[in-house]
$ cat run_5.cif   # mmCIF, C-alpha atoms
data_run
loop_
_atom_site.label_atom_id
_atom_site.label_comp_id
_atom_site.auth_asym_id
_atom_site.auth_seq_id
_atom_site.Cartn_x
_atom_site.Cartn_y
_atom_site.Cartn_z
CA MET A 21 0.00 0.00 0.00
CA THR A 22 1.33 3.42 -0.93
CA THR A 23 0.79 6.24 1.55
CA THR A 24 1.66 9.87 0.98
CA THR A 25 1.07 12.40 3.74
CA LEU A 26 0.20 16.00 2.91
CA THR A 27 0.23 18.50 5.73
CA GLU A 28 -0.85 22.02 6.48
CA PRO A 29 -0.95 23.67 9.89
CA GLY A 30 -3.49 21.72 11.91
CA LYS A 31 -4.41 19.38 9.01
CA THR A 32 -3.12 16.03 7.77
CA TRP A 33 -4.35 13.88 4.92
CA GLU A 34 -3.17 10.37 4.09
CA ILE A 35 -3.56 9.44 0.44
CA GLU A 36 -3.53 5.66 -0.02
CA GLU A 37 -3.82 3.99 -3.40
CA PHE A 38 -4.62 0.42 -2.18
CA GLU A 39 -2.67 -1.29 -4.96
CA ASN A 40 -2.62 -4.73 -3.35
CA VAL A 41 -5.91 -4.86 -1.43
CA PRO A 42 -9.52 -3.84 -2.15
CA VAL A 43 -10.41 -0.23 -1.38
CA PRO A 44 -12.15 -0.25 2.04
CA ALA A 45 -15.78 0.85 2.11
CA ASP A 46 -14.99 3.87 4.27
CA ARG A 47 -12.43 5.15 1.73
CA ARG A 48 -14.71 4.99 -1.31
CA ARG A 49 -15.51 8.19 -3.19
CA GLY A 50 -18.78 9.71 -4.38
CA LEU A 51 -20.28 9.34 -7.85
CA GLY A 52 -19.26 12.84 -8.91
CA SER A 53 -15.62 12.29 -7.99
CA VAL A 54 -15.27 8.93 -9.77
CA SER A 55 -17.26 10.19 -12.78
CA ALA A 56 -14.85 13.11 -13.09
CA VAL A 57 -12.02 10.59 -13.46
CA TRP A 58 -13.72 8.82 -16.37
CA PHE A 59 -15.69 11.67 -18.02
CA GLY A 60 -12.65 13.74 -18.97
CA PHE A 61 -10.43 10.78 -19.91
CA PRO A 62 -11.70 10.21 -23.49
CA MET A 63 -11.97 13.94 -24.23
CA VAL A 64 -8.61 13.93 -25.90
CA LEU A 65 -7.47 15.42 -29.18
CA THR A 66 -6.77 11.92 -30.47
CA CYS A 67 -10.51 11.20 -30.37
CA ALA A 68 -11.20 14.31 -32.45
CA ILE A 69 -8.74 12.93 -35.00
CA PHE A 70 -10.44 9.51 -34.98
CA GLY A 71 -13.94 11.01 -35.16
CA GLY A 72 -12.89 13.06 -38.16
CA LEU A 73 -11.37 10.05 -39.89
CA ILE A 74 -14.59 8.09 -39.39
CA VAL A 75 -16.76 10.87 -40.86
CA TYR A 76 -14.25 11.41 -43.68
CA SER A 77 -14.63 7.73 -44.58
CA LEU A 78 -18.34 7.10 -44.02
CA GLY A 79 -19.98 10.49 -44.34
CA PHE A 80 -21.65 12.42 -41.55
CA GLY A 81 -24.77 10.34 -40.87
CA LEU A 82 -23.22 6.88 -41.15
CA GLY A 83 -20.12 8.10 -39.31
CA LEU A 84 -22.19 9.25 -36.33
CA LEU A 85 -24.00 5.90 -36.33
CA ALA A 86 -20.66 4.05 -36.16
CA ILE A 87 -19.60 6.29 -33.27
CA ALA A 88 -22.88 5.55 -31.47
CA VAL A 89 -22.62 1.78 -31.98
CA GLY A 90 -19.01 1.71 -30.80
CA ASN A 91 -19.85 3.69 -27.70
CA ILE A 92 -22.82 1.51 -26.81
CA CYS A 93 -20.52 -1.52 -27.01
CA MET A 94 -18.05 0.25 -24.74
CA MET A 95 -20.79 1.23 -22.30
CA LEU A 96 -21.87 -2.39 -21.89
CA TYR A 97 -18.30 -3.70 -21.71
CA VAL A 98 -16.71 -1.10 -19.43
CA GLY A 99 -19.92 -0.77 -17.44
CA ALA A 100 -20.04 -4.49 -16.63
CA LEU A 101 -16.41 -4.53 -15.52
CA SER A 102 -17.08 -1.42 -13.42
CA VAL A 103 -20.02 -3.08 -11.67
CA LEU A 104 -17.64 -5.80 -10.51
CA ALA A 105 -15.11 -3.21 -9.36
CA GLY A 106 -17.70 -1.22 -7.43
CA ARG A 107 -18.93 -4.34 -5.66
CA THR A 108 -15.50 -5.65 -4.67
CA GLY A 109 -13.21 -2.60 -4.50
CA LYS A 110 -10.56 -4.61 -6.37
CA ASN A 111 -8.32 -3.21 -9.11
CA PHE A 112 -8.00 -5.05 -12.41
CA ALA A 113 -5.01 -7.18 -11.41
CA LEU A 114 -6.73 -8.43 -8.24
CA SER A 115 -9.94 -9.13 -10.12
CA ALA A 116 -8.12 -10.93 -12.96
CA ALA A 117 -6.56 -13.29 -10.41
CA GLU A 118 -9.99 -14.77 -9.71
CA THR A 119 -10.61 -15.56 -13.36
CA PHE A 120 -7.16 -16.39 -14.74
CA GLY A 121 -5.68 -17.78 -11.52
CA ARG A 122 -3.30 -16.32 -8.93
CA ALA A 123 -0.29 -17.01 -11.15
CA GLY A 124 -2.04 -16.86 -14.50
CA ALA A 125 -3.37 -13.34 -13.93
CA PHE A 126 0.17 -12.03 -14.35
CA ILE A 127 -0.07 -12.49 -18.13
CA PRO A 128 -3.19 -10.39 -18.96
CA SER A 129 -2.38 -7.89 -16.22
CA ALA A 130 1.21 -7.36 -17.38
CA PHE A 131 0.08 -7.21 -20.99
CA LEU A 132 -2.45 -4.44 -20.36
CA ALA A 133 -0.27 -2.55 -17.89
CA THR A 134 2.45 -2.45 -20.56
CA VAL A 135 0.18 -1.50 -23.45
CA VAL A 136 -1.12 1.56 -21.59
CA ILE A 137 2.47 2.75 -21.10
CA GLY A 138 2.76 2.58 -24.88
CA TRP A 139 -0.24 4.91 -25.08
CA PHE A 140 1.39 7.21 -22.52
CA ALA A 141 4.49 7.43 -24.72
CA PHE A 142 2.37 7.93 -27.84
CA GLN A 143 0.36 10.82 -26.40
CA THR A 144 3.47 12.44 -24.85
CA GLY A 145 5.27 12.33 -28.18
CA MET A 146 2.15 13.65 -29.87
CA ALA A 147 2.21 16.73 -27.61
CA GLY A 148 5.66 17.62 -28.90
CA ALA A 149 4.76 16.88 -32.52
CA ILE A 150 1.55 18.92 -32.50
CA LEU A 151 3.19 22.03 -31.03
CA HIS A 152 6.12 21.61 -33.42
CA ASP A 153 3.83 21.41 -36.46
CA THR A 154 1.53 24.26 -35.45
CA LEU A 155 3.90 26.69 -33.71
CA GLY A 156 7.40 25.51 -34.58
CA TRP A 157 8.35 24.50 -31.04
CA HIS A 158 11.27 22.12 -30.53
CA GLU A 159 9.62 18.72 -30.70
CA GLN A 160 11.88 16.71 -28.39
CA LEU A 161 12.22 19.37 -25.69
CA THR A 162 8.47 19.95 -25.70
CA ALA A 163 7.79 16.22 -25.37
CA LEU A 164 10.31 16.02 -22.51
CA ALA A 165 8.77 18.93 -20.60
CA ALA A 166 5.26 17.60 -21.20
CA GLY A 167 6.19 14.10 -20.07
CA LEU A 168 7.74 15.33 -16.83
CA GLY A 169 4.61 17.35 -16.11
CA PHE A 170 2.37 14.36 -16.81
CA ILE A 171 4.41 12.20 -14.43
CA ALA A 172 4.09 14.84 -11.72
CA VAL A 173 0.29 14.84 -12.04
CA THR A 174 0.13 11.04 -11.85
CA LEU A 175 2.21 11.00 -8.67
CA LEU A 176 -0.64 12.78 -6.90
CA GLY A 177 -2.88 9.74 -7.40
CA ILE A 178 -6.60 9.28 -7.91
CA ARG A 179 -7.46 12.73 -6.56
CA ALA A 180 -5.36 14.39 -9.24
CA LEU A 181 -7.05 12.33 -11.96
CA SER A 182 -10.42 13.52 -10.73
CA ALA A 183 -9.26 17.14 -10.66
CA ILE A 184 -7.65 17.13 -14.10
CA GLY A 185 -10.76 15.44 -15.51
CA MET A 186 -12.90 18.27 -14.19
CA ILE A 187 -10.63 20.75 -15.98
CA ALA A 188 -9.91 18.87 -19.20
CA ALA A 189 -13.52 18.04 -20.10
CA PRO A 190 -14.97 21.59 -20.14
CA VAL A 191 -11.83 22.95 -21.84
CA TYR A 192 -12.22 20.36 -24.61
CA ILE A 193 -15.92 21.08 -25.06
CA VAL A 194 -15.50 24.86 -25.11
CA LEU A 195 -12.58 24.93 -27.55
CA GLY A 196 -14.18 22.22 -29.67
CA LEU A 197 -17.33 24.33 -30.00
CA VAL A 198 -15.19 27.38 -30.78
CA ALA A 199 -13.49 25.41 -33.55
CA ILE A 200 -16.86 24.36 -34.96
CA GLY A 201 -18.01 27.99 -34.86
CA LEU A 202 -14.86 29.10 -36.69
CA ALA A 203 -15.39 26.43 -39.35
CA VAL A 204 -18.96 27.65 -39.86
CA ALA A 205 -17.79 31.28 -40.04
CA ASP A 206 -15.20 30.31 -42.63
CA GLY A 207 -17.99 29.19 -44.93
CA GLY A 208 -18.46 25.57 -43.96
CA SER A 209 -21.33 23.78 -45.68
CA SER A 210 -24.13 21.89 -43.94
CA PRO A 211 -22.54 18.93 -42.10
CA THR A 212 -25.56 16.69 -42.69
CA SER A 213 -24.93 16.78 -46.44
CA TYR A 214 -21.32 15.62 -46.10
CA GLN A 215 -20.94 12.23 -47.81
CA GLY A 216 -17.30 11.53 -47.06
CA GLN A 217 -14.33 11.87 -49.37
CA ALA A 218 -12.04 8.95 -48.62
CA GLY A 219 -13.10 7.04 -51.73
CA ALA A 220 -11.44 3.65 -52.14
CA ALA A 221 -9.36 4.28 -49.02
CA ALA A 222 -12.46 4.57 -46.81
CA MET A 223 -12.71 2.33 -43.78
CA SER A 224 -15.73 0.06 -43.46
CA PHE A 225 -18.53 0.57 -40.95
CA GLY A 226 -17.22 -2.36 -38.92
CA ALA A 227 -13.68 -0.96 -38.96
CA ALA A 228 -15.04 2.39 -37.75
CA VAL A 229 -16.80 0.68 -34.85
CA THR A 230 -13.55 -1.13 -34.02
CA LEU A 231 -11.64 2.19 -34.08
CA VAL A 232 -14.06 3.64 -31.52
CA ILE A 233 -13.64 0.58 -29.32
CA ALA A 234 -9.89 0.07 -29.76
CA SER A 235 -8.99 3.66 -28.90
CA PHE A 236 -9.89 3.10 -25.22
CA ILE A 237 -10.30 -0.65 -24.85
CA ASP A 238 -7.05 -1.05 -22.89
CA SER A 239 -7.86 1.39 -20.10
CA GLY A 240 -11.53 0.40 -20.46
CA THR A 241 -10.63 -3.18 -19.59
CA MET A 242 -8.63 -1.84 -16.63
CA THR A 243 -11.54 0.36 -15.53
CA ALA A 244 -11.44 -1.28 -12.11
CA ASP A 245 -8.31 0.75 -11.34
CA PHE A 246 -10.61 3.80 -11.37
CA THR A 247 -14.09 2.52 -10.50
CA ARG A 248 -12.94 0.43 -7.50
CA TRP A 249 -13.22 3.75 -5.67
CA SER A 250 -17.01 3.80 -6.24
CA ARG A 251 -19.33 3.11 -3.32
CA ASN A 252 -21.20 0.32 -5.12
CA GLY A 253 -21.69 -1.35 -8.47
CA ARG A 254 -24.47 0.97 -9.60
CA GLU A 255 -22.39 4.11 -9.07
CA ALA A 256 -19.41 2.45 -10.73
CA PHE A 257 -21.52 1.74 -13.82
CA LEU A 258 -22.77 5.34 -13.93
CA ALA A 259 -19.23 6.65 -13.55
CA ALA A 260 -18.10 4.55 -16.52
CA ALA A 261 -21.17 5.65 -18.50
CA SER A 262 -20.07 9.26 -18.10
CA ALA A 263 -17.25 8.31 -20.48
CA PHE A 264 -19.03 5.72 -22.62
CA PRO A 265 -21.18 6.84 -24.27
CA VAL A 266 -21.23 10.46 -23.05
CA GLY A 267 -17.67 11.83 -22.94
CA ASN A 268 -16.27 9.70 -25.73
CA SER A 269 -19.19 10.51 -28.05
CA ILE A 270 -18.74 14.24 -27.49
CA ALA A 271 -15.01 13.99 -28.24
CA LEU A 272 -15.50 11.98 -31.44
CA VAL A 273 -18.49 13.94 -32.73
CA ILE A 274 -16.68 17.28 -32.40
CA GLY A 275 -13.96 15.89 -34.67
CA GLY A 276 -16.62 14.66 -37.08
CA PHE A 277 -18.22 18.10 -37.23
CA VAL A 278 -14.86 19.76 -37.92
CA VAL A 279 -14.29 17.51 -40.95
CA ALA A 280 -17.87 17.75 -42.23
CA LEU A 281 -17.68 21.55 -42.05
CA GLY A 282 -14.39 21.68 -43.94
CA GLY A 283 -12.40 22.86 -40.93
CA SER A 284 -9.62 20.27 -41.26
CA ALA A 285 -6.79 21.12 -43.65
CA ASP A 286 -5.91 17.43 -44.21
CA PRO A 287 -8.76 15.19 -43.00
CA ALA A 288 -7.25 12.08 -44.59
CA THR A 289 -4.29 12.31 -42.20
CA ASP A 290 -5.27 14.63 -39.35
CA GLY A 291 -8.96 13.75 -39.17
CA GLY A 292 -10.79 16.22 -36.95
CA ASN A 293 -7.71 17.74 -35.31
CA PHE A 294 -8.94 21.28 -34.69
CA LEU A 295 -5.80 22.74 -33.10
CA GLY A 296 -4.58 24.22 -36.38
CA LEU A 297 -7.97 25.85 -36.91
CA LEU A 298 -7.65 27.63 -33.56
CA VAL A 299 -4.05 28.71 -34.12
CA ASP A 300 -4.76 29.99 -37.65
CA HIS A 301 -7.24 32.52 -36.24
CA GLY A 302 -4.54 33.94 -33.94
CA GLY A 303 -5.00 36.28 -31.00
CA LEU A 304 -6.00 34.82 -27.65
CA LEU A 305 -6.72 31.47 -29.29
CA VAL A 306 -2.99 30.76 -29.67
CA PRO A 307 -2.09 30.63 -25.93
CA LEU A 308 -5.40 28.89 -25.26
CA ALA A 309 -4.50 26.26 -27.86
CA VAL A 310 -1.10 25.71 -26.23
CA ALA A 311 -2.67 25.33 -22.78
CA PHE A 312 -5.25 23.00 -24.30
CA VAL A 313 -2.56 20.63 -25.61
CA PHE A 314 -0.93 20.24 -22.20
CA ILE A 315 -4.19 19.95 -20.27
CA ASN A 316 -5.87 17.68 -22.78
CA LEU A 317 -3.05 15.26 -23.50
CA GLY A 318 -1.96 15.52 -19.86
CA SER A 319 -5.28 14.12 -18.78
CA VAL A 320 -5.10 10.99 -20.93
CA CYS A 321 -1.38 10.49 -20.20
CA ALA A 322 -1.91 10.67 -16.44
CA HIS A 323 -4.75 8.16 -16.65
CA CYS A 324 -2.68 5.72 -18.75
CA LEU A 325 0.36 6.04 -16.51
CA TYR A 326 -1.81 5.51 -13.43
CA ASN A 327 -3.24 2.34 -15.01
CA GLY A 328 0.23 1.03 -15.75
CA ALA A 329 1.66 1.95 -12.35
CA VAL A 330 -1.22 0.41 -10.39
CA GLY A 331 -1.01 -2.74 -12.49
CA TRP A 332 2.73 -3.21 -12.19
CA SER A 333 2.80 -2.28 -8.51
CA GLN A 334 0.34 -5.07 -7.77
CA LEU A 335 2.23 -7.53 -9.96
CA SER A 336 5.66 -6.66 -8.59
CA GLY A 337 4.69 -5.88 -5.00
CA GLY A 338 6.15 -2.41 -5.43
CA ARG A 339 4.68 0.99 -4.69
CA MET A 340 2.49 2.86 -7.15
CA ARG A 341 4.41 6.13 -7.02
CA ARG A 342 7.78 4.43 -7.42
CA LEU A 343 6.45 2.56 -10.46
CA THR A 344 5.03 5.83 -11.78
CA LEU A 345 8.54 7.29 -11.85
CA VAL A 346 10.09 4.22 -13.48
CA LEU A 347 7.39 3.62 -16.10
CA GLY A 348 6.96 7.34 -16.72
CA ALA A 349 10.70 7.66 -17.40
CA VAL A 350 10.53 4.79 -19.89
CA GLY A 351 7.55 6.40 -21.65
CA VAL A 352 9.24 9.81 -21.83
CA VAL A 353 12.41 8.30 -23.29
CA LEU A 354 10.35 6.54 -25.96
CA ALA A 355 8.51 9.78 -26.72
CA VAL A 356 11.65 11.94 -26.93
CA ALA A 357 13.43 9.32 -29.06
CA GLY A 358 10.59 9.48 -31.59
CA ILE A 359 9.76 5.78 -31.26
CA TRP A 360 6.16 6.75 -30.45
CA THR A 361 5.49 7.33 -34.17
CA TYR A 362 5.59 3.56 -34.72
CA PHE A 363 3.11 2.77 -31.97
CA GLU A 364 -0.34 3.73 -33.30
CA GLN A 365 -1.02 0.85 -35.68
CA TRP A 366 0.58 -1.64 -33.29
CA LEU A 367 -1.42 -0.40 -30.32
CA ASN A 368 -4.67 -0.44 -32.29
CA LEU A 369 -3.94 -3.98 -33.47
CA LEU A 370 -3.33 -5.06 -29.90
CA GLY A 371 -6.63 -3.40 -29.08
CA VAL A 372 -8.56 -6.00 -31.09
CA ILE A 373 -7.23 -8.84 -28.92
CA VAL A 374 -8.00 -7.08 -25.63
CA PRO A 375 -11.84 -7.44 -25.62
CA PRO A 376 -11.65 -11.23 -25.10
CA ILE A 377 -9.91 -10.59 -21.76
CA GLY A 378 -12.81 -8.52 -20.49
CA ALA A 379 -15.32 -10.96 -21.98
CA VAL A 380 -13.90 -13.82 -19.92
CA VAL A 381 -13.87 -11.76 -16.70
CA ILE A 382 -17.44 -10.55 -17.23
CA LEU A 383 -18.77 -14.02 -18.00
CA ASP A 384 -16.84 -15.67 -15.19
CA GLN A 385 -17.66 -13.25 -12.38
CA LEU A 386 -20.86 -11.48 -13.38
CA VAL A 387 -22.94 -13.64 -15.72
CA LEU A 388 -22.23 -17.36 -15.34
CA PRO A 389 -22.41 -17.50 -11.52
CA ARG A 390 -26.10 -16.65 -11.88
CA PHE A 391 -26.48 -20.02 -13.58
CA GLY A 392 -24.24 -21.95 -11.24
CA LEU A 393 -21.27 -21.85 -13.64
CA GLY A 394 -17.85 -20.23 -13.59
CA ALA A 395 -14.46 -20.92 -12.03
CA ARG A 396 -14.61 -23.65 -9.41
CA ASP A 397 -11.61 -22.65 -7.31
CA ARG A 398 -10.89 -18.93 -7.07
CA ARG A 399 -7.59 -19.70 -5.30
CA ALA A 400 -6.15 -21.86 -8.10
CA ARG A 401 -2.86 -20.76 -9.64
CA TRP A 402 -4.04 -21.19 -13.24
CA HIS A 403 -7.47 -21.29 -14.85
CA ARG A 404 -6.79 -22.81 -18.25
CA PRO A 405 -10.35 -22.40 -19.63
CA ALA A 406 -9.97 -18.62 -19.25
CA PHE A 407 -6.80 -18.65 -21.33
CA ALA A 408 -8.38 -20.92 -23.94
CA ALA A 409 -11.28 -18.49 -24.34
CA TRP A 410 -8.94 -15.48 -24.53
CA ALA A 411 -6.80 -17.21 -27.16
CA GLY A 412 -9.85 -18.30 -29.16
CA GLY A 413 -11.35 -14.82 -29.07
CA ALA A 414 -8.04 -13.21 -30.06
CA VAL A 415 -7.61 -15.57 -33.00
CA ALA A 416 -11.17 -14.86 -34.14
CA ALA A 417 -10.53 -11.11 -33.91
CA LEU A 418 -7.27 -11.28 -35.85
CA LEU A 419 -8.80 -13.49 -38.54
CA THR A 420 -11.69 -11.04 -38.86
CA HIS A 421 -9.20 -8.16 -39.10
CA ARG A 422 -7.39 -9.97 -41.92
CA PHE A 423 -10.16 -11.61 -43.92
CA ALA A 424 -13.42 -9.79 -43.05
CA PRO A 425 -12.49 -6.11 -42.56
CA TRP A 426 -16.10 -5.03 -43.10
CA LEU A 427 -16.93 -6.54 -39.68
CA SER A 428 -15.90 -5.23 -36.26
CA ASP A 429 -13.03 -7.49 -35.19
CA ALA A 430 -13.26 -6.21 -31.61
CA VAL A 431 -16.91 -7.28 -31.34
CA ILE A 432 -16.21 -10.64 -33.01
CA GLY A 433 -13.34 -11.27 -30.59
CA PHE A 434 -15.52 -10.52 -27.58
CA ALA A 435 -18.36 -12.72 -28.85
CA ALA A 436 -16.07 -15.63 -29.71
CA ALA A 437 -14.35 -15.56 -26.30
CA ALA A 438 -17.70 -15.37 -24.51
CA LEU A 439 -19.05 -18.32 -26.50
CA ILE A 440 -15.94 -20.46 -25.95
CA PHE A 441 -15.83 -19.74 -22.23
CA THR A 442 -19.55 -20.40 -21.77
CA LEU A 443 -19.38 -23.71 -23.63
CA GLY A 444 -16.33 -24.74 -21.61
CA ALA A 445 -18.05 -23.86 -18.32
CA ALA A 446 -21.19 -25.76 -19.33
CA LEU A 447 -19.23 -28.87 -20.36
CA THR A 448 -17.21 -28.77 -17.14
CA ALA A 449 -20.35 -28.48 -15.04
CA ARG A 450 -21.95 -31.36 -16.93
CA ARG A 451 -18.91 -33.55 -16.44
CA ASP A 452 -18.76 -32.77 -12.72
CA LYS A 453 -22.43 -33.57 -12.39
CA GLU A 454 -21.94 -36.95 -14.05
CA LEU A 455 -18.96 -37.77 -11.84
CA THR A 456 -20.93 -37.05 -8.67
CA ALA A 457 -24.10 -38.83 -9.83
#
$ encode --input "run_5.cif" --output "structure tokens"
Amino acid sequence: MTTTTLTEPGKTWEIEEFENVPVPADRRRGLGSVSAVWFGFPMVLTCAIFGGLIVYSLGFGLGLLAIAVGNICMMLYVGALSVLAGRTGKNFALSAAETFGRAGAFIPSAFLATVVIGWFAFQTGMAGAILHDTLGWHEQLTALAAGLGFIAVTLLGIRALSAIGMIAAPVYIVLGLVAIGLAVADGGSSPTSYQGQAGAAAMSFGAAVTLVIASFIDSGTMTADFTRWSRNGREAFLAAASAFPVGNSIALVIGGFVVALGGSADPATDGGNFLGLLVDHGGLLVPLAVAFVFINLGSVCAHCLYNGAVGWSQLSGGRMRRLTLVLGAVGVVLAVAGIWTYFEQWLNLLGVIVPPIGAVVILDQLVLPRFGLGARDRRARWHRPAFAAWAGGAVAALLTHRFAPWLSDAVIGFAAAALIFTLGAALTARRDKELTA
């Protein structure tokens, strides 16, 4: 357990992160506080880019439908995992141990805790690249300064994530609406008539749904690291719903509007990135745009680094803040070295094999026990059926990605893993019943 003491004359607060044990009931936080952690998380410039790419490919109406479908899938997925977290107070690593086994849980937990550090490095490097492209700032020095600031925020723990979420979300909404207003003033046409311009390079509807899911599926699967602070399962679900569908939809749709209104200079590459639109109009918008980059990308980076640090601290028996420094340093080095530019496709590909992990946990701990099925021994070191279902779902997702790109490989992977795990649990229960008859 990590404890940091903050003092003022006559006052003392102990901030504990409860990496290795469930959060006690008397230390849980209210719905507003936990919702603030999740609501602002997906309101990141990257989502504006993705939303713009989706609308550029599918057109305005069909693009918004893909965004809606993807977010409904995320609401059900992240919401179910959050219900478990709110009921138990356990982070993802502790919860995964019940499904994959005390030893086996190391594999999915380490995998996810590492992937989110890749996203931390990607977003940190992106901060330097964006300010270099729009204002000519030194890319590596900017990424270094940004990364150090993001690490500092993460060191403050869950309270800082809640605070930065409260700041980042309204800033994103306000500047996003300003960008839409500028695009309209510049002579943008009606967005509803926009049919898309990607041509043969357009992504399919299923690929668009996968893009919505994959962009936050890693931290979404590790939602317990955030929603374990909720007072109960219902509040945990509502906290997650503040992000999916609410916050994430807002972030993506703003990017879609920017593209549909003609506000993006290069929608095929930059999607709905509206930072250039703000900077081009000069004046007060320039310093606001700079502050926006640090606040906005700082929010998502702090969340990802917190996920990784909590995960690895539980796996290694270390302390969250010590792991924050170590993992944050690795991420900053990757960002400054420019390696982050190779991450996006790799991280999104990994995203399609993540949903089966959550599918197995949801089925094992939330659904199947209602029917008398699920893991028989929660203290076992390995639960092989869980790994079989994860592997089967991942293979199904990758095959869909390769041979049926018009479908959503993330959804197919989830469904395949759920089916395999359910069939395995049913066959095991039937065999046990026959042996005891």
$ residues_around --input "run_5.cif" --residues "Gln217 (chain A)" --least-positions-apart "2" --cutoff "7 Å" --atoms "all atoms listed in the file" --output "list in words"
Tyr76, Ser77, Gln215 and Gly219 of chain A
$ residues_around --input "run_5.cif" --residues "region 236-243 of chain A" --least-positions-apart "6" --cutoff "9 Å" --atoms "all atoms listed in the file" --output "ChimeraX atom specification"
/A:58,62,94,97-99,101-102,105,111-113,129,132-133,135-136,260,323-324,327,331,370-372,374-375,377-378
$ resolve_selection --input "run_5.cif" --expression "the PyMOL selection byres ((chain A and resi 84) around 9)" --output "compact mmCIF listing (two decimals) with C-alpha atoms, in the coordinates of the input"
# COMPACT_ATOMS: atom_id res chain seq x y z
CA GLY A 71 -13.94 11.01 -35.16
CA ILE A 74 -14.59 8.09 -39.39
CA VAL A 75 -16.76 10.87 -40.86
CA LEU A 78 -18.34 7.10 -44.02
CA GLY A 79 -19.98 10.49 -44.34
CA PHE A 80 -21.65 12.42 -41.55
CA GLY A 81 -24.77 10.34 -40.87
CA LEU A 82 -23.22 6.88 -41.15
CA GLY A 83 -20.12 8.10 -39.31
CA LEU A 85 -24.00 5.90 -36.33
CA ALA A 86 -20.66 4.05 -36.16
CA ILE A 87 -19.60 6.29 -33.27
CA ALA A 88 -22.88 5.55 -31.47
CA VAL A 89 -22.62 1.78 -31.98
CA SER A 269 -19.19 10.51 -28.05
CA LEU A 272 -15.50 11.98 -31.44
CA VAL A 273 -18.49 13.94 -32.73
CA GLY A 276 -16.62 14.66 -37.08
$ residues_around --input "run_5.cif" --residues "Val330 (chain A)" --least-positions-apart "3" --cutoff "6 Å" --atoms "only C-alpha atoms" --output "NGL selection string"
:A and (39 or 326-327 or 333 or 340)
$ closest_atom_pairs --input "run_5.cif" --of "region 223-315 of chain A" --to "region 191-201 of chain A" --cutoff "9 Å" --atoms "only C-alpha atoms" --output "Markdown table"
| residue | atom | partner | partner_atom | distance |
| --- | --- | --- | --- | --- |
| A:Ile270 | CA | A:Ile193 | CA | 7.8 |
| A:Ala271 | CA | A:Ile193 | CA | 7.8 |
| A:Ile274 | CA | A:Gly196 | CA | 6.2 |
| A:Gly275 | CA | A:Gly196 | CA | 8.1 |
| A:Phe277 | CA | A:Ile200 | CA | 6.8 |
| A:Val278 | CA | A:Ile200 | CA | 5.8 |
| A:Leu281 | CA | A:Ile200 | CA | 7.7 |
| A:Gly283 | CA | A:Ile200 | CA | 7.6 |
| A:Phe294 | CA | A:Ala199 | CA | 6.2 |
| A:Leu295 | CA | A:Ala199 | CA | 8.2 |
| A:Leu297 | CA | A:Ala199 | CA | 6.5 |
| A:Leu298 | CA | A:Ala199 | CA | 6.2 |
| A:Leu305 | CA | A:Leu195 | CA | 9.0 |
| A:Leu308 | CA | A:Leu195 | CA | 8.5 |
| A:Ala309 | CA | A:Leu195 | CA | 8.2 |
| A:Phe312 | CA | A:Val191 | CA | 7.0 |
| A:Ile315 | CA | A:Val191 | CA | 8.4 |
$ atom_distance --input "run_5.cif" --atom1 "CA of Ala234 (chain A)" --atom2 "CA of Ile432 (chain A)"
12.9 Å
$ residues_around --input "run_5.cif" --residues "region 414-423 of chain A" --least-positions-apart "6" --cutoff "8 Å" --atoms "only C-alpha atoms" --output "JSON list (two decimals) with C-alpha atoms, in the coordinates of the input"
[["chain", "number", "residue", "atom", "x", "y", "z"],
["A", 372, "VAL", "CA", -8.56, -6.00, -31.09],
["A", 373, "ILE", "CA", -7.23, -8.84, -28.92],
["A", 374, "VAL", "CA", -8.00, -7.08, -25.63],
["A", 376, "PRO", "CA", -11.65, -11.23, -25.10],
["A", 429, "ASP", "CA", -13.03, -7.49, -35.19],
["A", 430, "ALA", "CA", -13.26, -6.21, -31.61],
["A", 431, "VAL", "CA", -16.91, -7.28, -31.34],
["A", 432, "ILE", "CA", -16.21, -10.64, -33.01],
["A", 433, "GLY", "CA", -13.34, -11.27, -30.59],
["A", 436, "ALA", "CA", -16.07, -15.63, -29.71],
["A", 437, "ALA", "CA", -14.35, -15.56, -26.30]]
$ resolve_selection --input "run_5.cif" --expression "the PyMOL selection byres ((chain A and resi 179) around 12)" --output "JSON, numbers by chain"
{"A": [33, 34, 35, 36, 37, 48, 49, 50, 53, 54, 55, 56, 57, 173, 174, 175, 176, 177, 178, 180, 181, 182, 183, 184, 185, 186, 246, 249, 322, 323, 326]}
$ closest_residue --input "run_5.cif" --among "A:Gly226, A:Pro389, A:Gly60, A:Gly167" --to "Phe140 (chain A)" --atoms "only C-alpha atoms"
A:Gly167
$ atom_distance --input "run_5.cif" --atom1 "CA of Ser235 (chain A)" --atom2 "CA of Leu369 (chain A)"
10.2 Å
$ atom_distance --input "run_5.cif" --atom1 "CA of Gly444 (chain A)" --atom2 "CA of Pro405 (chain A)"
6.7 Å
$ closest_residue --input "run_5.cif" --among "A:Ala172, A:Gly72, A:Gly124, A:Phe59" --to "Pro211 (chain A)" --atoms "only C-alpha atoms"
A:Gly72
$ residues_around --input "run_5.cif" --residues "Leu388 (chain A)" --least-positions-apart "4" --cutoff "10 Å" --atoms "only C-alpha atoms" --output "list in words"
Ile382, Leu383, Asp384, Gly392, Leu393, Gly394, Ala395, Phe441, Thr442, Ala445 and Ala446 of chain A
$ resolve_selection --input "run_5.cif" --expression "the PyMOL selection byres ((chain A and resi 348) around 9)" --output "list in words"
Ile137, Phe140, Ala141, Gly167, Leu168, Phe170, Ile171, Leu325, Ala329, Leu343, Thr344, Leu345, Val346, Leu347, Ala349, Val350, Gly351, Val352 and Val353 of chain A
